[in-house]
Every structure is written in C-alpha cells, then in structure tokens.
>>> print(open('target.cif').read())   # mmCIF, C-alpha atoms
data_structure
#
loop_
_atom_site.label_atom_id
_atom_site.label_comp_id
_atom_site.auth_asym_id
_atom_site.auth_seq_id
_atom_site.Cartn_x
_atom_site.Cartn_y
_atom_site.Cartn_z
CA GLY K 1 27.69 -5.90 -27.28
CA GLN K 2 27.57 -5.48 -30.97
CA LEU K 3 24.40 -4.43 -32.78
CA GLY K 4 25.47 -5.72 -36.15
CA LYS K 5 25.49 -3.97 -39.47
CA PHE K 6 22.60 -1.93 -40.80
CA GLN K 7 21.68 -2.10 -44.45
CA ALA K 8 20.31 1.23 -45.68
CA GLU K 9 17.50 0.89 -48.18
CA ARG K 10 15.66 3.64 -49.96
CA SER K 11 11.94 3.58 -49.25
CA HIS K 12 9.65 3.14 -52.22
CA ARG K 13 6.30 4.81 -52.65
CA PRO K 14 3.59 2.35 -53.50
CA SER K 15 2.58 2.90 -57.11
CA ARG K 16 -1.00 3.99 -57.59
CA VAL K 17 -2.88 2.95 -60.65
CA PRO K 18 -5.15 5.72 -61.93
CA THR K 19 -8.87 5.05 -62.12
CA VAL K 20 -9.74 4.63 -65.77
CA LEU K 21 -13.32 4.32 -66.95
CA SER K 22 -14.34 1.78 -69.56
CA ASP K 23 -15.82 2.87 -72.90
CA ASN K 24 -19.29 1.86 -71.66
CA GLU K 25 -18.92 3.84 -68.42
CA VAL K 26 -17.87 6.94 -70.37
CA ARG K 27 -20.76 6.47 -72.80
CA ARG K 28 -23.21 6.15 -69.88
CA ILE K 29 -21.89 9.36 -68.31
CA LEU K 30 -22.12 11.24 -71.61
CA ASP K 31 -25.65 9.94 -72.28
CA GLU K 32 -26.80 11.53 -69.02
CA MET K 33 -25.45 14.96 -69.94
CA PRO K 34 -27.15 17.53 -72.18
CA ALA K 35 -25.58 17.50 -75.67
CA ASP K 36 -24.51 21.15 -75.47
CA SER K 37 -23.31 21.26 -71.86
CA VAL K 38 -19.83 22.49 -70.97
CA ARG K 39 -19.39 19.61 -68.52
CA ARG K 40 -20.10 17.13 -71.31
CA LEU K 41 -17.41 18.79 -73.43
CA MET K 42 -15.03 18.58 -70.47
CA VAL K 43 -15.66 14.83 -70.10
CA GLN K 44 -15.23 14.35 -73.86
CA VAL K 45 -11.90 16.21 -73.81
CA LEU K 46 -10.73 14.14 -70.82
CA TYR K 47 -11.68 10.93 -72.60
CA GLY K 48 -10.27 12.01 -75.97
CA THR K 49 -6.90 13.24 -74.71
CA GLY K 50 -6.19 11.25 -71.54
CA MET K 51 -5.37 14.39 -69.58
CA ARG K 52 -6.00 14.68 -65.86
CA VAL K 53 -8.97 16.63 -64.47
CA MET K 54 -6.79 19.42 -63.02
CA GLU K 55 -4.87 19.71 -66.30
CA LEU K 56 -8.18 20.13 -68.11
CA CYS K 57 -9.45 22.76 -65.67
CA THR K 58 -6.28 24.84 -65.95
CA LEU K 59 -6.11 24.81 -69.78
CA ARG K 60 -5.91 28.32 -71.18
CA LEU K 61 -7.10 29.51 -74.57
CA ARG K 62 -3.49 29.98 -75.66
CA ASP K 63 -2.81 26.26 -75.05
CA LEU K 64 -5.06 25.20 -77.93
CA ASP K 65 -3.44 24.98 -81.35
CA PHE K 66 -6.28 24.48 -83.81
CA ASP K 67 -3.96 24.55 -86.86
CA ARG K 68 -1.84 21.66 -85.61
CA GLN K 69 -4.77 19.95 -83.79
CA GLN K 70 -2.74 19.90 -80.56
CA THR K 71 -3.20 20.96 -76.97
CA LEU K 72 -0.31 22.01 -74.75
CA ILE K 73 -0.60 20.84 -71.17
CA ARG K 74 1.55 23.04 -68.97
CA GLY K 75 2.98 21.96 -65.64
CA GLY K 76 1.38 18.52 -65.65
CA LYS K 77 2.55 15.64 -63.48
CA GLY K 78 6.12 16.28 -62.38
CA ASP K 79 5.66 19.91 -63.45
CA LYS K 80 6.40 18.92 -67.05
CA ASP K 81 4.79 20.31 -70.19
CA ARG K 82 3.52 17.96 -72.87
CA MET K 83 1.51 18.02 -76.09
CA VAL K 84 -1.58 15.90 -76.67
CA MET K 85 -3.55 15.53 -79.86
CA MET K 86 -6.81 17.47 -80.04
CA PRO K 87 -9.60 15.06 -80.92
CA GLY K 88 -10.77 16.07 -84.41
CA SER K 89 -14.35 15.22 -83.47
CA LEU K 90 -14.27 17.92 -80.77
CA ARG K 91 -12.61 20.67 -82.81
CA ALA K 92 -15.84 22.55 -83.64
CA GLN K 93 -17.03 22.36 -80.02
CA LEU K 94 -13.67 23.61 -78.74
CA VAL K 95 -13.73 26.50 -81.23
CA GLU K 96 -17.24 27.36 -79.97
CA GLN K 97 -16.12 27.12 -76.32
CA THR K 98 -13.21 29.45 -77.12
CA ARG K 99 -15.66 31.92 -78.69
CA ARG K 100 -17.92 31.77 -75.61
CA VAL K 101 -14.98 32.40 -73.27
CA ARG K 102 -13.87 35.38 -75.36
CA GLN K 103 -17.40 36.83 -75.19
CA LEU K 104 -17.49 36.27 -71.43
CA HIS K 105 -14.09 37.97 -71.16
CA GLN K 106 -15.42 41.00 -73.08
CA ARG K 107 -18.43 41.22 -70.73
CA ASP K 108 -16.13 40.88 -67.70
CA LEU K 109 -13.87 43.68 -69.00
CA ALA K 110 -16.91 45.94 -69.36
CA ARG K 111 -17.74 45.24 -65.68
CA GLY K 112 -14.28 45.99 -64.30
CA GLY K 113 -13.16 42.37 -64.55
CA GLY K 114 -11.51 40.26 -67.20
CA HIS K 115 -8.50 39.34 -65.08
CA VAL K 116 -7.18 35.85 -64.58
CA PRO K 117 -4.50 34.55 -62.22
CA VAL K 118 -1.16 33.96 -63.98
CA PRO K 119 2.05 32.38 -62.67
CA PRO K 120 4.36 34.89 -60.91
CA ASN K 121 7.10 34.56 -63.56
CA ILE K 122 4.56 35.48 -66.28
CA GLU K 123 3.17 38.34 -64.19
CA HIS K 124 6.60 40.00 -64.34
CA LYS K 125 7.59 39.06 -67.92
CA VAL K 126 4.19 39.65 -69.55
CA PRO K 127 2.39 42.26 -67.40
CA TYR K 128 -0.65 42.43 -69.73
CA ALA K 129 -1.24 38.64 -69.54
CA GLU K 130 -3.67 38.74 -66.61
CA ALA K 131 -6.17 40.76 -68.65
CA ASP K 132 -5.43 39.24 -72.08
CA TRP K 133 -8.02 36.93 -73.64
CA ARG K 134 -5.38 34.34 -74.57
CA TRP K 135 -4.60 33.73 -70.89
CA GLN K 136 -8.24 33.09 -69.96
CA PHE K 137 -9.11 29.56 -68.86
CA LEU K 138 -10.86 27.40 -71.46
CA PHE K 139 -13.25 26.27 -68.74
CA PRO K 140 -13.64 29.31 -66.47
CA SER K 141 -15.39 29.46 -63.15
CA ILE K 142 -18.98 30.66 -63.34
CA ILE K 143 -18.17 33.13 -60.56
CA MET K 144 -16.09 36.28 -60.97
CA ARG K 145 -14.37 37.27 -57.71
CA ARG K 146 -12.56 40.46 -56.72
CA ASP K 147 -8.84 40.08 -56.08
CA LYS K 148 -6.76 42.01 -53.51
CA LYS K 149 -6.54 44.95 -55.90
CA GLY K 150 -10.33 44.95 -56.36
CA ARG K 151 -10.20 43.68 -59.94
CA GLY K 152 -12.72 41.15 -61.21
CA THR K 153 -10.86 37.86 -61.53
CA ARG K 154 -12.16 34.61 -62.95
CA TRP K 155 -10.41 31.39 -61.93
CA HIS K 156 -10.75 28.02 -63.66
CA ALA K 157 -13.65 25.61 -63.20
CA ASP K 158 -13.57 23.67 -59.94
CA PRO K 159 -12.20 20.16 -60.62
CA GLY K 160 -14.22 18.84 -57.67
CA VAL K 161 -17.48 19.67 -59.41
CA LEU K 162 -16.56 17.53 -62.40
CA ASP K 163 -15.25 14.74 -60.15
CA LYS K 164 -18.52 14.65 -58.20
CA PHE K 165 -20.53 14.52 -61.41
CA ILE K 166 -18.47 11.62 -62.80
CA ARG K 167 -18.59 9.66 -59.52
CA SER K 168 -22.38 9.94 -59.08
#
>>> encode(input="target.cif", output="structure tokens")
Amino acid sequence: GQLGKFQAERSHRPSRVPTVLSDNEVRRILDEMPADSVRRLMVQVLYGTGMRVMELCTLRLRDLDFDRQQTLIRGGKGDKDRMVMMPGSLRAQLVEQTRRVRQLHQRDLARGGGHVPVPPNIEHKVPYAEADWRWQFLFPSIIMRRDKKGRGTRWHADPGVLDKFIRS
C-alpha cells in the first residue's frame, strides 16, 4: 500500500499580544503610589518609554544619556540593543535616582561591597566594571548579597515585585 505524499509545513508560534494598560489604568496605579517612591518612577519610566519590565530592571547607570535624552536598552527582545527617548518630564527624577544609586554604591564600597554582576565578556574586557559606579543598576536590589568570592554584590530590582504591584 501507498501512504501518499506528505507536505512538510513549518510550525508557527501563536503570536502573543502584550498586555498594555490604558492611560486611566496607569493614572490609577500612579495615584496609589507615593510621589517620591522608586516604584512610581519605575512605572513612569515603563509608561514613558514602552520598555519591558525586565529591560527596566536591568538598566545600568551607563545606559542613560542625559545630554541626548536617550536610554540604551541592551539585550532586549531577540537580544538586540535599541535606543528609546528619555521622557523629558522624568529627567530630574532620573538624575536624582542616579545620584541616590551612586551614594548607595559609595556606602556599599565602604562595607566591602559595591560589586555588580556583569556579562562574562565584559568581565574579561573591562575587569574594573563590576565595581565601577557606571555599571551599577539604575534600580538596584534593596539587598546586598555576598558572591562566591565573598564580595558584596547588589543585583537589580526584582521584576516580580513590580509586576505584583501593578497587577494588584
């Protein structure tokens, strides 16, 4: 017997539409947050730039270009880099957040910390990067942990915390 001919077809992933909040939903979320909270700034940056939560959490101080009013998003979807405009209305708050992170970094250095995880290729090319203020995350974790070498290391803010806040 003959089974007939088979037609090979490439399978297609179903496309997922991202969840996008309306202006009113964003306004409601922001109204519930203290005016000077870091989480509020995070939501404002998300809304003002369209970046993803993980992209926001992994932003480093060096990715902000205040002169050009741009933010570099490294290794975004598809592991591509892209530039987004920095909302002018948030510039002063982002400058202040940068200042706070630099102060935190100075305090961490004084306590045997001040390190931040960097990609392996950077670790080899720029050995000082893991302790340099420019490589610190814009939204660092509130907890400093010890790495394998015993150095105080501060990761980025947990994206799940922000997700939970937005969903509630």
>>> resolve_selection(input="target.cif", expression="the PyMOL selection byres ((chain K and resi 102) around 12)", output="count of residues only")
28
>>> residues_around(input="target.cif", residues="segment 70-84 of chain K", least_positions_apart="3", cutoff="12 Å", atoms="all atoms listed in the file", output="PyMOL selection string")
chain K and resi 45-67+87-88+90-91+94+119+138
>>> write_last_selection(input="target.cif", atoms="C-alpha atoms", output="short mmCIF file (atom, residue, chain, number, x, y, z; two decimals), in the frame of the given file")
data_model
loop_
_atom_site.label_atom_id
_atom_site.label_comp_id
_atom_site.auth_asym_id
_atom_site.auth_seq_id
_atom_site.Cartn_x
_atom_site.Cartn_y
_atom_site.Cartn_z
CA VAL K 45 -11.90 16.21 -73.81
CA LEU K 46 -10.73 14.14 -70.82
CA TYR K 47 -11.68 10.93 -72.60
CA GLY K 48 -10.27 12.01 -75.97
CA THR K 49 -6.90 13.24 -74.71
CA GLY K 50 -6.19 11.25 -71.54
CA MET K 51 -5.37 14.39 -69.58
CA ARG K 52 -6.00 14.68 -65.86
CA VAL K 53 -8.97 16.63 -64.47
CA MET K 54 -6.79 19.42 -63.02
CA GLU K 55 -4.87 19.71 -66.30
CA LEU K 56 -8.18 20.13 -68.11
CA CYS K 57 -9.45 22.76 -65.67
CA THR K 58 -6.28 24.84 -65.95
CA LEU K 59 -6.11 24.81 -69.78
CA ARG K 60 -5.91 28.32 -71.18
CA LEU K 61 -7.10 29.51 -74.57
CA ARG K 62 -3.49 29.98 -75.66
CA ASP K 63 -2.81 26.26 -75.05
CA LEU K 64 -5.06 25.20 -77.93
CA ASP K 65 -3.44 24.98 -81.35
CA PHE K 66 -6.28 24.48 -83.81
CA ASP K 67 -3.96 24.55 -86.86
CA PRO K 87 -9.60 15.06 -80.92
CA GLY K 88 -10.77 16.07 -84.41
CA LEU K 90 -14.27 17.92 -80.77
CA ARG K 91 -12.61 20.67 -82.81
CA LEU K 94 -13.67 23.61 -78.74
CA PRO K 119 2.05 32.38 -62.67
CA LEU K 138 -10.86 27.40 -71.46
#
>>> closest_residue(input="target.cif", among="K:Arg68, K:Glu25, K:Ala157, K:His115", to="Pro127 of chain K", atoms="all atoms listed in the file")
K:His115
>>> closest_residue(input="target.cif", among="K:Ile29, K:Asp147, K:Gly160, K:Gln93", to="Val43 of chain K", atoms="all atoms listed in the file")
K:Ile29
>>> atom_distance(input="target.cif", atom1="atom CA of Met86 of chain K", atom2="atom CA of Gln69 of chain K")
4.9 Å
>>> atom_distance(input="target.cif", atom1="atom CA of Asp23 of chain K", atom2="atom CA of Met85 of chain K")
19.0 Å
>>> atom_distance(input="target.cif", atom1="atom CA of Arg146 of chain K", atom2="atom CA of Arg39 of chain K")
24.9 Å
>>> closest_residue(input="target.cif", among="K:Ala92, K:Gly150, K:Pro120, K:Arg40", to="Arg28 of chain K", atoms="all atoms listed in the file")
K:Arg40
>>> residues_around(input="target.cif", residues="Ile143 of chain K", least_positions_apart="2", cutoff="7 Å", atoms="only C-alpha atoms", output="PDB file with C-alpha atoms, in the coordinates of the input")
ATOM      1  CA  SER K 141     -15.390  29.460 -63.150  1.00  0.00           C
ATOM      2  CA  ARG K 145     -14.370  37.270 -57.710  1.00  0.00           C
ATOM      3  CA  ARG K 154     -12.160  34.610 -62.950  1.00  0.00           C
TER       4      ARG K 154
END
>>> decode(input="target.cif", residues="segment 22-38 of chain K", atoms="all heavy atoms", output="mmCIF file, in the first residue's frame")
data_model
loop_
_atom_site.group_PDB
_atom_site.id
_atom_site.type_symbol
_atom_site.label_atom_id
_atom_site.label_comp_id
_atom_site.auth_asym_id
_atom_site.auth_seq_id
_atom_site.Cartn_x
_atom_site.Cartn_y
_atom_site.Cartn_z
ATOM 1 N N SER K 22 -4.296 51.029 29.803
ATOM 2 C CA SER K 22 -4.830 52.281 29.264
ATOM 3 C C SER K 22 -4.261 53.453 30.065
ATOM 4 O O SER K 22 -3.713 53.270 31.162
ATOM 5 C CB SER K 22 -6.359 52.287 29.363
ATOM 6 O OG SER K 22 -6.743 52.423 30.728
ATOM 7 N N ASP K 23 -4.424 54.663 29.536
ATOM 8 C CA ASP K 23 -3.970 55.861 30.249
ATOM 9 C C ASP K 23 -4.601 55.934 31.644
ATOM 10 O O ASP K 23 -3.937 56.264 32.614
ATOM 11 C CB ASP K 23 -4.329 57.127 29.466
ATOM 12 C CG ASP K 23 -3.489 57.288 28.205
ATOM 13 O OD1 ASP K 23 -2.495 56.550 28.068
ATOM 14 O OD2 ASP K 23 -3.821 58.150 27.376
ATOM 15 N N ASN K 24 -5.906 55.635 31.716
ATOM 16 C CA ASN K 24 -6.604 55.709 33.004
ATOM 17 C C ASN K 24 -6.081 54.681 33.996
ATOM 18 O O ASN K 24 -5.949 54.973 35.185
ATOM 19 C CB ASN K 24 -8.119 55.530 32.827
ATOM 20 C CG ASN K 24 -8.761 56.781 32.256
ATOM 21 O OD1 ASN K 24 -8.222 57.883 32.405
ATOM 22 N ND2 ASN K 24 -9.885 56.611 31.590
ATOM 23 N N GLU K 25 -5.778 53.464 33.511
ATOM 24 C CA GLU K 25 -5.240 52.431 34.398
ATOM 25 C C GLU K 25 -3.884 52.846 34.941
ATOM 26 O O GLU K 25 -3.597 52.687 36.124
ATOM 27 C CB GLU K 25 -5.128 51.095 33.653
ATOM 28 C CG GLU K 25 -6.474 50.456 33.360
ATOM 29 C CD GLU K 25 -6.362 49.265 32.421
ATOM 30 O OE1 GLU K 25 -5.574 49.322 31.451
ATOM 31 O OE2 GLU K 25 -7.076 48.278 32.666
ATOM 32 N N VAL K 26 -3.044 53.419 34.075
ATOM 33 C CA VAL K 26 -1.719 53.881 34.509
ATOM 34 C C VAL K 26 -1.888 55.000 35.524
ATOM 35 O O VAL K 26 -1.222 55.017 36.567
ATOM 36 C CB VAL K 26 -0.864 54.344 33.303
ATOM 37 C CG1 VAL K 26 0.423 54.996 33.778
ATOM 38 C CG2 VAL K 26 -0.555 53.170 32.389
ATOM 39 N N ARG K 27 -2.775 55.937 35.251
ATOM 40 C CA ARG K 27 -3.010 57.063 36.167
ATOM 41 C C ARG K 27 -3.481 56.557 37.533
ATOM 42 O O ARG K 27 -3.037 57.039 38.568
ATOM 43 C CB ARG K 27 -4.024 58.036 35.557
ATOM 44 C CG ARG K 27 -3.925 59.429 36.143
ATOM 45 C CD ARG K 27 -4.685 60.473 35.337
ATOM 46 N NE ARG K 27 -4.044 60.710 34.050
ATOM 47 C CZ ARG K 27 -4.614 60.444 32.857
ATOM 48 N NH1 ARG K 27 -5.821 59.943 32.785
ATOM 49 N NH2 ARG K 27 -3.966 60.685 31.745
ATOM 50 N N ARG K 28 -4.373 55.559 37.519
ATOM 51 C CA ARG K 28 -4.869 54.981 38.785
ATOM 52 C C ARG K 28 -3.740 54.344 39.581
ATOM 53 O O ARG K 28 -3.642 54.491 40.799
ATOM 54 C CB ARG K 28 -5.964 53.947 38.513
ATOM 55 C CG ARG K 28 -7.333 54.447 38.843
ATOM 56 C CD ARG K 28 -8.440 53.408 38.939
ATOM 57 N NE ARG K 28 -8.175 52.066 38.483
ATOM 58 C CZ ARG K 28 -8.582 51.571 37.305
ATOM 59 N NH1 ARG K 28 -9.244 52.319 36.462
ATOM 60 N NH2 ARG K 28 -8.333 50.332 36.985
ATOM 61 N N ILE K 29 -2.860 53.622 38.891
ATOM 62 C CA ILE K 29 -1.713 52.976 39.555
ATOM 63 C C ILE K 29 -0.816 54.049 40.158
ATOM 64 O O ILE K 29 -0.409 53.967 41.323
ATOM 65 C CB ILE K 29 -0.916 52.097 38.562
ATOM 66 C CG1 ILE K 29 -1.730 50.856 38.191
ATOM 67 C CG2 ILE K 29 0.430 51.695 39.149
ATOM 68 C CD1 ILE K 29 -1.165 50.068 37.028
ATOM 69 N N LEU K 30 -0.504 55.074 39.383
ATOM 70 C CA LEU K 30 0.386 56.139 39.860
ATOM 71 C C LEU K 30 -0.223 56.900 41.029
ATOM 72 O O LEU K 30 0.487 57.283 41.962
ATOM 73 C CB LEU K 30 0.738 57.102 38.721
ATOM 74 C CG LEU K 30 1.629 56.517 37.624
ATOM 75 C CD1 LEU K 30 1.772 57.501 36.473
ATOM 76 C CD2 LEU K 30 2.988 56.108 38.170
ATOM 77 N N ASP K 31 -1.543 57.112 40.992
ATOM 78 C CA ASP K 31 -2.212 57.842 42.078
ATOM 79 C C ASP K 31 -2.112 57.107 43.408
ATOM 80 O O ASP K 31 -2.193 57.719 44.464
ATOM 81 C CB ASP K 31 -3.686 58.098 41.737
ATOM 82 C CG ASP K 31 -3.855 59.179 40.681
ATOM 83 O OD1 ASP K 31 -2.868 59.917 40.427
ATOM 84 O OD2 ASP K 31 -4.953 59.279 40.101
ATOM 85 N N GLU K 32 -1.954 55.786 43.350
ATOM 86 C CA GLU K 32 -1.871 54.994 44.583
ATOM 87 C C GLU K 32 -0.458 54.910 45.141
ATOM 88 O O GLU K 32 -0.251 54.337 46.195
ATOM 89 C CB GLU K 32 -2.407 53.587 44.317
ATOM 90 C CG GLU K 32 -3.858 53.623 43.899
ATOM 91 C CD GLU K 32 -4.635 52.413 44.356
ATOM 92 O OE1 GLU K 32 -4.064 51.550 45.036
ATOM 93 O OE2 GLU K 32 -5.825 52.357 44.024
ATOM 94 N N MET K 33 0.502 55.474 44.420
ATOM 95 C CA MET K 33 1.903 55.367 44.839
ATOM 96 C C MET K 33 2.385 56.696 45.404
ATOM 97 O O MET K 33 2.015 57.754 44.893
ATOM 98 C CB MET K 33 2.774 54.973 43.647
ATOM 99 C CG MET K 33 2.348 53.685 42.986
ATOM 100 S SD MET K 33 3.293 53.365 41.487
ATOM 101 C CE MET K 33 4.313 52.046 42.058
ATOM 102 N N PRO K 34 3.223 56.651 46.446
ATOM 103 C CA PRO K 34 3.786 57.900 46.964
ATOM 104 C C PRO K 34 4.559 58.641 45.863
ATOM 105 O O PRO K 34 5.227 58.013 45.045
ATOM 106 C CB PRO K 34 4.749 57.451 48.072
ATOM 107 C CG PRO K 34 4.363 56.047 48.383
ATOM 108 C CD PRO K 34 3.694 55.480 47.165
ATOM 109 N N ALA K 35 4.455 59.960 45.849
ATOM 110 C CA ALA K 35 5.042 60.786 44.789
ATOM 111 C C ALA K 35 6.544 60.562 44.638
ATOM 112 O O ALA K 35 7.079 60.632 43.542
ATOM 113 C CB ALA K 35 4.751 62.252 45.048
ATOM 114 N N ASP K 36 7.240 60.276 45.737
ATOM 115 C CA ASP K 36 8.696 60.158 45.660
ATOM 116 C C ASP K 36 9.180 58.711 45.697
ATOM 117 O O ASP K 36 10.347 58.459 45.935
ATOM 118 C CB ASP K 36 9.339 60.951 46.800
ATOM 119 C CG ASP K 36 8.897 60.455 48.171
ATOM 120 O OD1 ASP K 36 7.948 59.655 48.242
ATOM 121 O OD2 ASP K 36 9.513 60.874 49.167
ATOM 122 N N SER K 37 8.293 57.754 45.446
ATOM 123 C CA SER K 37 8.720 56.354 45.541
ATOM 124 C C SER K 37 9.467 55.904 44.289
ATOM 125 O O SER K 37 9.197 56.366 43.180
ATOM 126 C CB SER K 37 7.514 55.435 45.800
ATOM 127 O OG SER K 37 6.858 55.113 44.600
ATOM 128 N N VAL K 38 10.406 54.996 44.495
ATOM 129 C CA VAL K 38 11.195 54.458 43.385
ATOM 130 C C VAL K 38 10.296 53.633 42.471
ATOM 131 O O VAL K 38 10.415 53.693 41.249
ATOM 132 C CB VAL K 38 12.380 53.617 43.909
ATOM 133 C CG1 VAL K 38 13.103 52.920 42.773
ATOM 134 C CG2 VAL K 38 13.346 54.502 44.679
#
